[in-house]
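Shown next: data-v1.json, given as JSON, C-alpha atoms.
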```
[["chain", "number", "residue", "atom", "x", "y", "z"],
["Q", 1, "MET", "CA", 30.41, 7.72, 14.77],
["Q", 2, "ALA", "CA", 30.68, 11.43, 15.36],
["Q", 3, "SER", "CA", 28.80, 13.56, 12.87],
["Q", 4, "LYS", "CA", 30.79, 15.61, 10.40],
["Q", 5, "LYS", "CA", 30.22, 19.35, 10.56],
["Q", 6, "LYS", "CA", 31.41, 22.01, 8.17],
["Q", 7, "LEU", "CA", 32.52, 25.51, 9.12],
["Q", 8, "GLY", "CA", 32.75, 27.04, 5.69],
["Q", 9, "LYS", "CA", 29.14, 28.17, 5.33],
["Q", 10, "GLY", "CA", 29.01, 30.66, 8.16],
["Q", 11, "LEU", "CA", 27.15, 30.54, 11.45],
["Q", 12, "SER", "CA", 24.09, 28.88, 9.98],
["Q", 13, "ALA", "CA", 26.17, 25.73, 9.47],
["Q", 14, "ILE", "CA", 26.91, 25.26, 13.16],
["Q", 15, "PHE", "CA", 24.38, 27.36, 15.08],
["Q", 16, "GLY", "CA", 22.21, 25.03, 17.09],
["Q", 17, "GLU", "CA", 24.95, 22.39, 17.23],
["Q", 18, "ASP", "CA", 26.63, 21.57, 20.52],
["Q", 19, "ILE", "CA", 29.85, 23.57, 20.31],
["Q", 20, "ASP", "CA", 31.74, 21.19, 22.64],
["Q", 21, "THR", "CA", 30.93, 18.24, 20.35],
["Q", 22, "PHE", "CA", 31.96, 20.29, 17.32],
["Q", 23, "LEU", "CA", 35.33, 21.17, 18.88],
["Q", 24, "ASP", "CA", 35.82, 17.59, 20.08],
["Q", 25, "ASP", "CA", 35.26, 16.37, 16.52],
["Q", 26, "ILE", "CA", 38.06, 18.67, 15.35],
["Q", 27, "SER", "CA", 40.34, 17.41, 18.11],
["Q", 28, "ASN", "CA", 39.83, 13.72, 17.33],
["Q", 29, "GLY", "CA", 39.96, 14.17, 13.55],
["Q", 30, "SER", "CA", 36.32, 13.30, 12.80],
["Q", 31, "SER", "CA", 35.49, 16.75, 11.42],
["Q", 32, "ASP", "CA", 35.78, 18.09, 7.88],
["Q", 33, "VAL", "CA", 37.88, 20.97, 9.18],
["Q", 34, "LYS", "CA", 41.44, 20.78, 7.84],
["Q", 35, "THR", "CA", 44.03, 20.48, 10.62],
["Q", 36, "SER", "CA", 47.71, 19.70, 11.12],
["Q", 37, "GLY", "CA", 47.13, 17.04, 13.75],
["Q", 38, "LYS", "CA", 48.15, 17.24, 17.39],
["Q", 39, "THR", "CA", 51.47, 18.88, 18.17],
["Q", 40, "GLU", "CA", 53.34, 20.65, 21.00],
["Q", 41, "ILE", "CA", 53.65, 24.45, 20.71],
["Q", 42, "ASP", "CA", 55.69, 26.91, 22.77],
["Q", 43, "ILE", "CA", 53.20, 28.82, 24.91],
["Q", 44, "ASP", "CA", 55.02, 32.13, 24.46],
["Q", 45, "LYS", "CA", 54.46, 31.88, 20.69],
["Q", 46, "ILE", "CA", 50.65, 31.85, 21.06],
["Q", 47, "ARG", "CA", 48.79, 35.16, 20.98],
["Q", 48, "ALA", "CA", 45.33, 35.72, 22.45],
["Q", 49, "ASN", "CA", 42.30, 35.38, 20.19],
["Q", 50, "PRO", "CA", 41.51, 38.94, 18.97],
["Q", 51, "TYR", "CA", 37.81, 38.04, 18.77],
["Q", 52, "GLN", "CA", 37.50, 36.62, 22.30],
["Q", 53, "PRO", "CA", 34.48, 38.40, 23.85],
["Q", 54, "ARG", "CA", 35.09, 37.06, 27.34],
["Q", 55, "LYS", "CA", 37.15, 39.33, 29.57],
["Q", 56, "GLN", "CA", 36.19, 38.07, 33.05],
["Q", 57, "PHE", "CA", 37.73, 34.77, 34.20],
["Q", 58, "ASP", "CA", 37.08, 33.03, 37.51],
["Q", 59, "GLU", "CA", 40.48, 33.13, 39.22],
["Q", 60, "LYS", "CA", 39.58, 30.34, 41.65],
["Q", 61, "ALA", "CA", 38.48, 28.04, 38.81],
["Q", 62, "LEU", "CA", 41.67, 28.86, 36.87],
["Q", 63, "LYS", "CA", 43.79, 27.98, 39.91],
["Q", 64, "GLU", "CA", 41.97, 24.65, 40.28],
["Q", 65, "LEU", "CA", 42.51, 23.88, 36.58],
["Q", 66, "SER", "CA", 46.14, 24.91, 36.90],
["Q", 67, "ASP", "CA", 46.64, 22.52, 39.84],
["Q", 68, "SER", "CA", 45.05, 19.73, 37.80],
["Q", 69, "ILE", "CA", 47.34, 20.47, 34.86],
["Q", 70, "LYS", "CA", 50.39, 20.36, 37.13],
["Q", 71, "GLU", "CA", 49.28, 16.93, 38.32],
["Q", 72, "ASN", "CA", 47.90, 15.39, 35.12],
["Q", 73, "GLY", "CA", 48.92, 17.59, 32.19],
["Q", 74, "VAL", "CA", 46.64, 19.07, 29.51],
["Q", 75, "PHE", "CA", 44.24, 16.39, 28.30],
["Q", 76, "GLN", "CA", 42.49, 18.23, 25.45],
["Q", 77, "PRO", "CA", 44.63, 20.20, 22.98],
["Q", 78, "ILE", "CA", 43.82, 23.83, 22.33],
["Q", 79, "LEU", "CA", 42.99, 25.00, 18.80],
["Q", 80, "ILE", "CA", 45.28, 27.56, 17.17],
["Q", 81, "ARG", "CA", 45.94, 28.98, 13.73],
["Q", 82, "GLN", "CA", 49.23, 30.07, 12.20],
["Q", 83, "SER", "CA", 49.80, 33.81, 11.98],
["Q", 84, "ILE", "CA", 52.53, 35.97, 10.46],
["Q", 85, "SER", "CA", 54.52, 35.71, 13.69],
["Q", 86, "GLY", "CA", 53.69, 32.63, 15.70],
["Q", 87, "TYR", "CA", 50.13, 31.48, 16.36],
["Q", 88, "GLU", "CA", 46.72, 32.85, 17.38],
["Q", 89, "LEU", "CA", 44.43, 31.05, 19.79],
["Q", 90, "VAL", "CA", 41.12, 29.84, 18.34],
["Q", 91, "ALA", "CA", 39.61, 27.94, 21.27],
["Q", 92, "GLY", "CA", 40.77, 26.88, 24.73],
["Q", 93, "GLU", "CA", 41.66, 30.12, 26.48],
["Q", 94, "ARG", "CA", 41.02, 28.72, 29.99],
["Q", 95, "ARG", "CA", 43.39, 25.83, 29.31],
["Q", 96, "LEU", "CA", 46.03, 28.20, 27.92],
["Q", 97, "ARG", "CA", 45.79, 30.56, 30.90],
["Q", 98, "ALA", "CA", 45.86, 27.68, 33.38],
["Q", 99, "ALA", "CA", 48.87, 26.13, 31.61],
["Q", 100, "LYS", "CA", 50.74, 29.43, 31.89],
["Q", 101, "LEU", "CA", 49.78, 29.60, 35.56],
["Q", 102, "ALA", "CA", 51.10, 26.06, 36.01],
["Q", 103, "GLY", "CA", 54.44, 27.14, 34.55],
["Q", 104, "LEU", "CA", 54.25, 25.01, 31.39],
["Q", 105, "LYS", "CA", 56.49, 26.04, 28.49],
["Q", 106, "LYS", "CA", 54.65, 24.00, 25.85],
["Q", 107, "ILE", "CA", 51.02, 22.99, 25.37],
["Q", 108, "PRO", "CA", 49.35, 20.37, 23.14],
["Q", 109, "ALA", "CA", 47.64, 22.08, 20.22],
["Q", 110, "ILE", "CA", 45.96, 21.44, 16.89],
["Q", 111, "ILE", "CA", 46.60, 23.92, 14.08],
["Q", 112, "VAL", "CA", 43.46, 24.68, 12.06],
["Q", 113, "GLU", "CA", 43.09, 26.67, 8.87],
["Q", 114, "PHE", "CA", 40.47, 29.24, 9.89],
["Q", 115, "ASP", "CA", 39.96, 32.68, 8.39],
["Q", 116, "ASP", "CA", 39.00, 35.74, 10.46],
["Q", 117, "ARG", "CA", 35.27, 35.10, 10.03],
["Q", 118, "GLN", "CA", 35.53, 31.52, 11.24],
["Q", 119, "MET", "CA", 37.74, 32.62, 14.16],
["Q", 120, "MET", "CA", 35.06, 35.07, 15.29],
["Q", 121, "GLU", "CA", 32.24, 32.56, 14.84],
["Q", 122, "ILE", "CA", 33.92, 29.90, 16.95],
["Q", 123, "SER", "CA", 34.97, 32.35, 19.68],
["Q", 124, "LEU", "CA", 31.51, 33.86, 20.04],
["Q", 125, "LEU", "CA", 29.65, 30.58, 19.83],
["Q", 126, "GLU", "CA", 31.94, 28.84, 22.30],
["Q", 127, "ASN", "CA", 31.22, 31.50, 24.91],
["Q", 128, "ILE", "CA", 27.56, 32.19, 24.15],
["Q", 129, "GLN", "CA", 26.54, 28.52, 24.17],
["Q", 130, "ARG", "CA", 28.47, 27.82, 27.36],
["Q", 131, "GLU", "CA", 26.89, 30.87, 29.05],
["Q", 132, "ASN", "CA", 30.26, 32.04, 30.39],
["Q", 133, "LEU", "CA", 29.81, 35.65, 29.36],
["Q", 134, "THR", "CA", 28.68, 38.57, 31.50],
["Q", 135, "PRO", "CA", 25.63, 40.42, 30.09],
["Q", 136, "ILE", "CA", 27.92, 43.17, 28.75],
["Q", 137, "GLU", "CA", 30.29, 40.67, 27.12],
["Q", 138, "GLU", "CA", 27.32, 38.87, 25.58],
["Q", 139, "ALA", "CA", 25.94, 42.17, 24.26],
["Q", 140, "LYS", "CA", 29.32, 42.99, 22.71],
["Q", 141, "ALA", "CA", 29.45, 39.52, 21.16],
["Q", 142, "TYR", "CA", 26.05, 40.09, 19.51],
["Q", 143, "ASP", "CA", 27.20, 43.52, 18.39],
["Q", 144, "GLN", "CA", 30.28, 42.02, 16.70],
["Q", 145, "LEU", "CA", 28.16, 39.41, 14.93],
["Q", 146, "ILE", "CA", 25.86, 42.12, 13.62],
["Q", 147, "LYS", "CA", 28.50, 44.67, 12.65],
["Q", 148, "LYS", "CA", 31.38, 42.52, 11.42],
["Q", 149, "LEU", "CA", 29.54, 39.47, 10.09],
["Q", 150, "LYS", "CA", 26.42, 41.36, 8.94],
["Q", 151, "TYR", "CA", 23.87, 39.19, 10.81],
["Q", 152, "THR", "CA", 20.52, 40.75, 11.62],
["Q", 153, "GLN", "CA", 18.86, 40.62, 15.04],
["Q", 154, "GLU", "CA", 16.24, 38.35, 13.51],
["Q", 155, "GLU", "CA", 18.88, 35.89, 12.28],
["Q", 156, "LEU", "CA", 20.59, 35.84, 15.66],
["Q", 157, "SER", "CA", 17.23, 35.25, 17.31],
["Q", 158, "LYS", "CA", 16.53, 32.18, 15.18],
["Q", 159, "HIS", "CA", 20.04, 30.74, 15.36],
["Q", 160, "LEU", "CA", 20.52, 31.24, 19.10],
["Q", 161, "GLY", "CA", 17.00, 30.23, 20.12],
["Q", 162, "LYS", "CA", 16.48, 33.59, 21.83],
["Q", 163, "SER", "CA", 13.69, 36.07, 21.21],
["Q", 164, "ARG", "CA", 14.41, 39.10, 19.06],
["Q", 165, "ALA", "CA", 13.37, 41.26, 22.03],
["Q", 166, "ASN", "CA", 16.01, 39.55, 24.15],
["Q", 167, "ILE", "CA", 18.71, 40.26, 21.56],
["Q", 168, "ALA", "CA", 17.59, 43.90, 21.31],
["Q", 169, "ASN", "CA", 17.52, 44.34, 25.10],
["Q", 170, "MET", "CA", 21.01, 42.87, 25.44],
["Q", 171, "LEU", "CA", 22.33, 45.30, 22.82],
["Q", 172, "ARG", "CA", 20.73, 48.24, 24.66],
["Q", 173, "LEU", "CA", 23.07, 47.55, 27.59],
["Q", 174, "LEU", "CA", 25.89, 48.97, 25.47],
["Q", 175, "SER", "CA", 24.31, 52.43, 25.78],
["Q", 176, "LEU", "CA", 24.88, 52.38, 29.56],
["Q", 177, "PRO", "CA", 27.70, 54.61, 30.87],
["Q", 178, "GLY", "CA", 31.06, 52.88, 31.07],
["Q", 179, "GLU", "CA", 31.04, 52.99, 34.88],
["Q", 180, "VAL", "CA", 27.73, 51.12, 34.97],
["Q", 181, "GLN", "CA", 28.89, 48.56, 32.39],
["Q", 182, "GLU", "CA", 31.91, 47.85, 34.58],
["Q", 183, "LEU", "CA", 29.65, 47.16, 37.60],
["Q", 184, "VAL", "CA", 27.73, 44.65, 35.46],
["Q", 185, "ASN", "CA", 30.97, 42.99, 34.33],
["Q", 186, "GLU", "CA", 32.10, 42.73, 37.94],
["Q", 187, "GLY", "CA", 28.84, 41.01, 38.89],
["Q", 188, "LYS", "CA", 27.78, 43.87, 41.16],
["Q", 189, "LEU", "CA", 24.75, 44.67, 39.02],
["Q", 190, "SER", "CA", 22.47, 42.05, 37.44],
["Q", 191, "TYR", "CA", 21.08, 42.11, 33.93],
["Q", 192, "GLY", "CA", 17.65, 43.04, 35.31],
["Q", 193, "GLN", "CA", 19.06, 45.92, 37.34],
["Q", 194, "ALA", "CA", 21.05, 47.21, 34.38],
["Q", 195, "ARG", "CA", 17.97, 47.09, 32.15],
["Q", 196, "THR", "CA", 15.97, 49.08, 34.68],
["Q", 197, "LEU", "CA", 18.63, 51.80, 34.79],
["Q", 198, "LEU", "CA", 18.19, 52.28, 31.04],
["Q", 199, "SER", "CA", 14.81, 53.90, 31.71],
["Q", 200, "LEU", "CA", 16.62, 56.95, 33.10],
["Q", 201, "GLU", "CA", 17.35, 59.73, 30.64],
["Q", 202, "ASP", "CA", 20.82, 60.92, 31.60],
["Q", 203, "GLU", "CA", 24.14, 59.26, 32.40],
["Q", 204, "GLU", "CA", 24.62, 61.05, 35.71],
["Q", 205, "SER", "CA", 21.35, 59.65, 37.06],
["Q", 206, "MET", "CA", 22.23, 56.14, 35.83],
["Q", 207, "ILE", "CA", 25.65, 56.20, 37.50],
["Q", 208, "GLU", "CA", 24.29, 57.65, 40.74],
["Q", 209, "LEU", "CA", 21.47, 55.11, 41.01],
["Q", 210, "ALA", "CA", 23.78, 52.23, 39.98],
["Q", 211, "GLU", "CA", 26.19, 53.08, 42.80],
["Q", 212, "ARG", "CA", 23.29, 53.39, 45.23],
["Q", 213, "THR", "CA", 21.98, 50.00, 44.09],
["Q", 214, "VAL", "CA", 25.31, 48.33, 44.81],
["Q", 215, "LYS", "CA", 25.70, 50.10, 48.15],
["Q", 216, "GLU", "CA", 22.15, 49.44, 49.41],
["Q", 217, "GLY", "CA", 21.53, 46.13, 47.63],
["Q", 218, "LEU", "CA", 18.40, 47.40, 45.89],
["Q", 219, "SER", "CA", 16.26, 44.81, 44.12],
["Q", 220, "VAL", "CA", 14.97, 45.18, 40.56],
["Q", 221, "ARG", "CA", 11.49, 45.95, 41.91],
["Q", 222, "GLU", "CA", 12.87, 48.65, 44.20],
["Q", 223, "LEU", "CA", 14.80, 50.11, 41.29],
["Q", 224, "GLU", "CA", 11.67, 50.16, 39.14],
["Q", 225, "SER", "CA", 9.83, 52.09, 41.85],
["Q", 226, "ILE", "CA", 12.64, 54.64, 42.15],
["Q", 227, "THR", "CA", 12.92, 55.19, 38.39],
["Q", 228, "ALA", "CA", 9.13, 55.55, 38.13],
["Q", 229, "VAL", "CA", 9.19, 58.28, 40.82],
["Q", 230, "ASN", "CA", 12.07, 60.03, 39.05],
["Q", 231, "LYS", "CA", 10.07, 60.13, 35.84],
["Q", 232, "GLN", "CA", 7.08, 61.67, 37.60],
["Q", 233, "LYS", "CA", 9.29, 64.37, 39.10],
["Q", 234, "LYS", "CA", 10.72, 65.27, 35.69],
["Q", 235, "PRO", "CA", 9.85, 68.93, 35.04],
["Q", 236, "GLU", "CA", 7.64, 69.63, 32.04],
["Q", 237, "LYS", "CA", 9.97, 72.40, 30.88],
["Q", 238, "LYS", "CA", 12.21, 69.69, 29.47],
["Q", 239, "LYS", "CA", 9.80, 69.52, 26.56],
["Q", 240, "LYS", "CA", 10.53, 73.16, 25.78],
["Q", 241, "ALA", "CA", 14.29, 72.67, 25.69],
["Q", 242, "ALA", "CA", 16.02, 73.74, 22.52],
["Q", 243, "LYS", "CA", 16.03, 71.06, 19.87],
["Q", 244, "ARG", "CA", 19.34, 69.48, 18.99],
["Q", 245, "ASP", "CA", 20.72, 70.18, 15.55],
["Q", 246, "PRO", "CA", 19.40, 67.31, 13.34],
["Q", 247, "PHE", "CA", 22.76, 66.91, 11.61],
["Q", 248, "THR", "CA", 24.63, 66.62, 14.91],
["Q", 249, "GLU", "CA", 22.02, 64.19, 16.23],
["Q", 250, "ASP", "CA", 22.43, 62.01, 13.13],
["Q", 251, "VAL", "CA", 26.24, 62.03, 13.44],
["Q", 252, "VAL", "CA", 26.03, 61.06, 17.14],
["Q", 253, "ASN", "CA", 23.67, 58.18, 16.34],
["Q", 254, "ARG", "CA", 25.93, 56.91, 13.56],
["Q", 255, "LEU", "CA", 29.03, 57.07, 15.76],
["Q", 256, "GLN", "CA", 27.29, 55.30, 18.64],
["Q", 257, "LYS", "CA", 26.20, 52.49, 16.33],
["Q", 258, "LYS", "CA", 29.70, 52.19, 14.85],
["Q", 259, "PHE", "CA", 31.57, 52.17, 18.17],
["Q", 260, "ALA", "CA", 28.87, 50.53, 20.35],
["Q", 261, "THR", "CA", 29.46, 53.04, 23.13],
["Q", 262, "LYS", "CA", 28.30, 56.47, 24.30],
["Q", 263, "VAL", "CA", 29.35, 59.36, 22.05],
["Q", 264, "GLU", "CA", 28.88, 63.08, 22.64],
["Q", 265, "ILE", "CA", 29.45, 66.10, 20.43],
["Q", 266, "LYS", "CA", 29.76, 69.38, 22.26],
["Q", 267, "ASN", "CA", 31.96, 72.49, 22.24],
["Q", 268, "LYS", "CA", 33.39, 71.42, 18.88],
["Q", 269, "SER", "CA", 34.65, 68.16, 20.40],
["Q", 270, "ILE", "CA", 33.75, 64.49, 19.89],
["Q", 271, "ILE", "CA", 33.82, 62.47, 23.13],
["Q", 272, "ILE", "CA", 33.92, 58.67, 22.77],
["Q", 273, "ARG", "CA", 33.58, 56.85, 26.09],
["Q", 274, "TYR", "CA", 35.23, 53.52, 26.96],
["Q", 275, "THR", "CA", 35.16, 51.26, 30.03],
["Q", 276, "ASP", "CA", 38.69, 49.84, 30.33],
["Q", 277, "THR", "CA", 41.88, 49.09, 28.42],
["Q", 278, "GLU", "CA", 40.27, 46.18, 26.54],
["Q", 279, "ASP", "CA", 37.41, 48.45, 25.45],
["Q", 280, "LEU", "CA", 39.88, 51.17, 24.40],
["Q", 281, "ASN", "CA", 41.79, 48.64, 22.28],
["Q", 282, "ARG", "CA", 38.49, 47.58, 20.70],
["Q", 283, "LEU", "CA", 37.78, 51.20, 19.72],
["Q", 284, "LEU", "CA", 41.32, 51.72, 18.41],
["Q", 285, "ASP", "CA", 40.93, 48.55, 16.33],
["Q", 286, "ILE", "CA", 37.69, 49.91, 14.81],
["Q", 287, "MET", "CA", 39.54, 53.14, 13.96],
["Q", 288, "ASN", "CA", 42.41, 51.13, 12.44],
["Q", 289, "VAL", "CA", 44.99, 52.92, 14.59],
["Q", 290, "ILE", "CA", 45.99, 50.05, 16.88],
["Q", 291, "GLU", "CA", 49.44, 48.56, 16.34],
["Q", 292, "ASP", "CA", 49.94, 44.81, 15.95]]
```

Conversion result in structure tokens:
Amino acid sequence: MASKKKLGKGLSAIFGEDIDTFLDDISNGSSDVKTSGKTEIDIDKIRANPYQPRKQFDEKALKELSDSIKENGVFQPILIRQSISGYELVAGERRLRAAKLAGLKKIPAIIVEFDDRQMMEISLLENIQRENLTPIEEAKAYDQLIKKLKYTQEELSKHLGKSRANIANMLRLLSLPGEVQELVNEGKLSYGQARTLLSLEDEESMIELAERTVKEGLSVRELESITAVNKQKKPEKKKKAAKRDPFTEDVVNRLQKKFATKVEIKNKSIIIRYTDTEDLNRLLDIMNVIED
């Protein structure tokens, strides 16, 4: 008999559990989660999960799944919740995308009664445990858990079975320039290479060396050697540079923590950097200016 699992107590109730088993239990009715039972829903009435951290999808794998769906249909229903207008996806984005690609008009689904917190928990756990995220996507997932659900790095470390240092290092990737983050998302830079670039002090140097790394295929060890040489060449006069206004420095730090991206204040302007349209929408959502 499948074990019953509750979702009402936050991440601690399901962290450490196999997320696939947990979702299967919901699908076959052996979970405590309240559902409507299996039904058929118009695909065009289902909106994307607003908390989905994964932005990169393997097109070849999606095509293969789409071909399978054309031949055999959708075996496992997706999970959705009712919204003001239509439905929001909870879990099963690959199946939904592949079904659209296959030309389906309807898809089997189970309607669950999840609140926003539970939606975010499931979305992040489904991707983190399956290791489908890029390093940047994973870092943003951790950042959401910390900022929106108020989990500490220590709690994430215990629940995910990762060291606190690993969590901290992943989050540091969000301070990379947007251009470098995009190279990581595209798989052109590895996690190790991205971490090494963080040892540089300015964005221009990071971007320049990142592009060189991609072009020349530099290894992490080669990158470490280059960054070490750059540090040695750093002129001492940098230490004598005028100190930044403490108030401005504090504001910049607060904004960077809030938006999880690079922020600059200069010439009476605030510059908030973003990587792509998805990242821009994330920022607009934080500012509460995005339209539904």

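Taking only C-alpha atoms into account, those protein, DNA and RNA residues with any atom at most 6 Å away from (28.0, 56.6, 35.6) amount to Q:Pro177, Q:Glu179, Q:Val180, Q:Glu203, Q:Glu204, Q:Met206, Q:Ile207.
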
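What separates CA of Glu59 (chain Q) from CA of Arg97 (chain Q) is a distance of 10.2 Å.
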
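Among the candidates Q:Ser225, Q:Ser199, Q:Ser190, Q:Thr21, the residue lying nearest to Glu126 (chain Q) is Q:Thr21 (atoms considered: all atoms listed in the file).
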
>> Residues proximal to (30.4, 43.7, 10.2) were defined as those with any atom within 12 Å of that point in the file's coordinates, counting all atoms listed in the file. Which are they, as JSON, numbers by chain?
In response: {"Q": [116, 117, 120, 141, 142, 143, 144, 145, 146, 147, 148, 149, 150, 151, 152, 257, 258, 259, 286]}

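Going from CA of Ala260 (chain Q) over to CA of Ala168 (chain Q), you cover 13.1 Å.
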
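CA of Phe114 (chain Q) to CA of Asp44 (chain Q) spans 20.8 Å [interatomic distance, one decimal].
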
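When all atoms listed in the file are used to compute distances to Met119 (chain Q), the closest of the residues Q:Glu40, Q:Glu88, Q:Glu138, Q:Glu216 turns out to be Q:Glu88.
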
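Residue nearest Ala91 (chain Q), chosen from Q:Glu249, Q:Asp58, Q:Glu121, Q:Glu222 and counting all atoms listed in the file: Q:Glu121.
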
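Checking Q:Ile271, Q:Val289, Q:Ile226, Q:Leu124 one by one against Leu255 (chain Q), counting all atoms listed in the file, you find the shortest gap at Q:Ile271.
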
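Across Q:Leu176, Q:Val214, Q:Ala228, Q:Leu189, the tightest approach to Gln256 (chain Q) is made by Q:Leu176 when counting only C-alpha atoms.
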
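Comparing Q:Val74, Q:Leu79, Q:Ile43, Q:Leu183 by their smallest distance to Ala109 (chain Q), the closest is Q:Leu79 (using only C-alpha atoms).
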
> Counting only C-alpha atoms, what is within 12 Å of Ile41 (chain Q), bar same-chain residues fewer than 2 positions away, as a ChimeraX atom specification?
Replying inline: /Q:38-39,43-47,77-82,86-89,96,104-111
